[in-house]
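Inspection log for the structure reproduced underneath, given as structure tokens.
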Amino acid sequence: LSLLDDLGADPQLLAIPDAPWMSPPVREVNRDVQGTPVVRPDPAQATAELRDWVAGQGYAGVLATHQAAWAEYWDGMDIRLPATEPDLAAALETQLYTLRCSATGYSLPANPFNSSWGAGYFWDERYGFEGLLAAGHDEIPRRTLEWRRRILPFSCMMASGRGARYTSCANEAGQQLSDRNGTQFYEFPLLGVIANYVREFCRYHDDDATRRRYYPLIRECAEYFRHWLLIELPGHNVMLAPAIDINESQVPVQDGPAMVCGAALALHLAAAWSEELGINEPSRGRWRHLAGLARRLADDLAPGRVAETGPLSAGPLTYTDFQIADLPAATAARDEAVHGWREAYKAANPPPGNTEHQVASVSGMPECLPLWSWGHLSNAYRAATLGDAAGALEQLRRSLDTAMAFGALNESADRKLTRVHHPWFTTAAGAYVRAVSRMLLFAKEREIRLLPGIPAGWDAFGFTLPAHGGLSVSVTVAGGELVRLALRPRAPEGRPREIRIPERFLPDAARLADPAWRVKREGTDHVLRLVVRGAMEVLRTDRTERFTSKA
């Protein structure tokens, strides 16, 4: 079990009374938590019941139960990679298997079966979360969010009601954990990571009830940034207080790029969601103002990355990872003298080095690539996001250099395995699934970018993947052309969707099922605009090629 997994049923959670420091959303969550019965089975009784059940089922019965559970998991996902890529296909299935095996009741630990990293609430958690969600499996992501929601009152109490101080363990093997509440010698606040995957989960489900349920998480992440990490300086300047960013074992850094991007996202979402959901929030204007300043600071940290276009080498990954390009930037004029003074101070006072792997970032930046396998997978995800198919494939294949039996990935990217050797590594597993899913489909609100990272030579493959807004997208490619595109909405839609299809997969737009649909050409893409009122086949075709199932 993950070190902190049982905290959800801990008396210190269940004994929190309503208090003046609680915001109305947190008070509502707390009452919900208090009203939920918690069953604490007696260990001896539970063991006896399990022993009796196993004896009654026998080997065949237990095996059948196990097989049924796995069948349900696999039936929820459908990705068929080309038969010409057996190694990539085997690796995909193994990473999905690794994630399902390693997931605890509430999180995705960094290491397989949580054999290291004493806590599961790492930056790395987002890779598995987003990978499973994009692949069409949301059971584990949902219970991760439910865990965050359940411990929200306790986390807010730890911050005196000014945001949520989640127990965020960025330490290896628990050696720096001082007590059970997660306090440690240094911390990486996961607020931006939480905000990112809350938004992504709600994008896929796209209903007010889901957003309202998880809005308190977004709100308290924004409040923690506002009260504890974000400092507004004169002349509409802003800084992020020194904190651990995404570089493990690094001393705290000011304006860490992941922190800045996370702050911009959390503050923006808190303002936007409260308004859209009709929630009375006196701090909304302040959130919006600070979100714009943080977004501008993110632009400073990622020059040339204001839009999600450009070469793979341009700017840090965090900008693309958090997808903040569409967020509004600050409109208030900045005092450049103050800004320049602070930049000069940072340049003259860099943080000192700390341990041998101070550059071992999970961000995918160049300095981490000799060390960590998921650095390449972060780059593959980013390349697919930017439409660089060749770069995506190159980085994806590079992650297999140290693959073990069955295509199991491990922590190391060093072919000699002299640095680290953790096979069946959960972080790499999540990053792999996330990258492959992004190569096949990039869901972005009402826009769907089909096949954004598919390299030349992938001529026969298929998938069914979710898009934002509860839409299921089924694709079959044969002979290098799109021969099937089917859409299935959760409910009839009233607003149009925009689907971008690379021309090389659909050279003849006349093959669309309805000639009345609006199609325009943008660069090398056909852009199709339509309203999905029910299950529909988008293409007219008499091609009936069938493909082998997953490797």
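Every chain in the structure tokens takes a letter, A first, then B, and so on in the order presented; its residues are numbered from 1, and the ligands are numbered from 1 following the presented order.
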
- [ ] Report as a ChimeraX atom specification: the residues of region 286-534 of chain A with a DSSP assignment of alpha helix (DSSP H), based on the backbone of this structure.
- [x] /A:286-301,317-322,336-348,373-385,389-398,426-440

Selection: 9 Å around Arg495 (chain A), only C-alpha atoms, excl. self and same-chain fewer than 6 positions, as a tab-separated table (two decimals) with C-alpha atoms, in the first residue's frame:
chain	number	residue	atom	x	y	z
A	446	ARG	CA	-14.53	21.39	-29.53
A	530	LEU	CA	-20.12	19.46	-38.31
A	531	VAL	CA	-22.69	18.94	-35.56
A	532	VAL	CA	-22.72	15.45	-34.01

Open item on the list: At a cut-off of 9 Å, using only C-alpha atoms, what residues contact Phe154 (chain A)? Leave out same-chain residues fewer than 3 positions from it and give the result as a ChimeraX atom specification.
Closed with: /A:12-13,16,30,150-151,157-159,164-166

Task: Leu393 (chain A) surroundings by only C-alpha atoms, 8 Å radius, close-in-sequence under 5 positions cut, as number ranges by chain - done: A: 380, 453-455

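You will find CA of Arg484 (chain A) at 18.0 Å from CA of Ser437 (chain A).
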
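Residue nearest Leu191 (chain A), chosen from A:Met259, A:Ala513, A:Leu145, A:Leu240 and counting only C-alpha atoms: A:Met259.
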
Task: Contacts of Thr84 (chain A) at 10 Å (only C-alpha atoms; same-chain gap of 5+ positions) as JSON, numbers by chain - done: {"A": [89, 457, 458, 459, 460, 461]}

Quick one: write out the picked residues with C-alpha atoms as a PDB file, in the first residue's frame?
ATOM      1  CA  ALA A  89       2.639  -2.452 -29.813  1.00  0.00           C
ATOM      2  CA  GLY A 457       5.114   4.366 -43.032  1.00  0.00           C
ATOM      3  CA  TRP A 458       2.234   3.815 -40.618  1.00  0.00           C
ATOM      4  CA  ASP A 459      -0.206   2.575 -43.256  1.00  0.00           C
ATOM      5  CA  ALA A 460      -2.575   0.276 -41.360  1.00  0.00           C
ATOM      6  CA  PHE A 461      -3.815   0.862 -37.827  1.00  0.00           C
TER       7      PHE A 461
END

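Shortest atom-to-atom contact with Tyr215 (chain A) among A:Glu72, A:Glu139, A:Glu28, A:Asp42: A:Glu28, counting only C-alpha atoms.
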
Task: Residues within 8 Å of Arg295 (chain A), only C-alpha atoms, excluding chain neighbours under 3 positions, as a ChimeraX atom specification - done: /A:260-261,264,291-292,298-299,324,327-330

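In terms of minimum interatomic distance to Gly430 (chain A), A:Ala135 ranks closest within A:Ala19, A:Ala135, A:Cys156, A:Ala272, counting only C-alpha atoms.
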
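Here CA of Ala467 (chain A) and CA of Leu440 (chain A) stand 11.3 Å from one another.
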
Quick one: everything within 12 Å of Trp70 (chain A), counting only C-alpha atoms, minus sequence neighbours fewer than 6 positions away in the same chain. Send it as a PDB file with C-alpha atoms, in the first residue's frame.
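The new file out_30.pdb reads:
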ATOM      1  CA  LEU A  63      -8.648 -17.467 -11.832  1.00  0.00           C
ATOM      2  CA  ALA A  64     -11.985 -16.781 -13.540  1.00  0.00           C
ATOM      3  CA  GLY A  76     -12.419  -0.334 -22.241  1.00  0.00           C
ATOM      4  CA  MET A  77      -9.509   0.503 -24.548  1.00  0.00           C
ATOM      5  CA  LEU A  96      -1.137  -0.409 -19.726  1.00  0.00           C
ATOM      6  CA  TYR A  97      -0.690  -3.593 -17.710  1.00  0.00           C
ATOM      7  CA  ARG A 100      -3.278  -1.246 -13.781  1.00  0.00           C
ATOM      8  CA  CYS A 101      -1.101  -3.412 -11.544  1.00  0.00           C
TER       9      CYS A 101
END
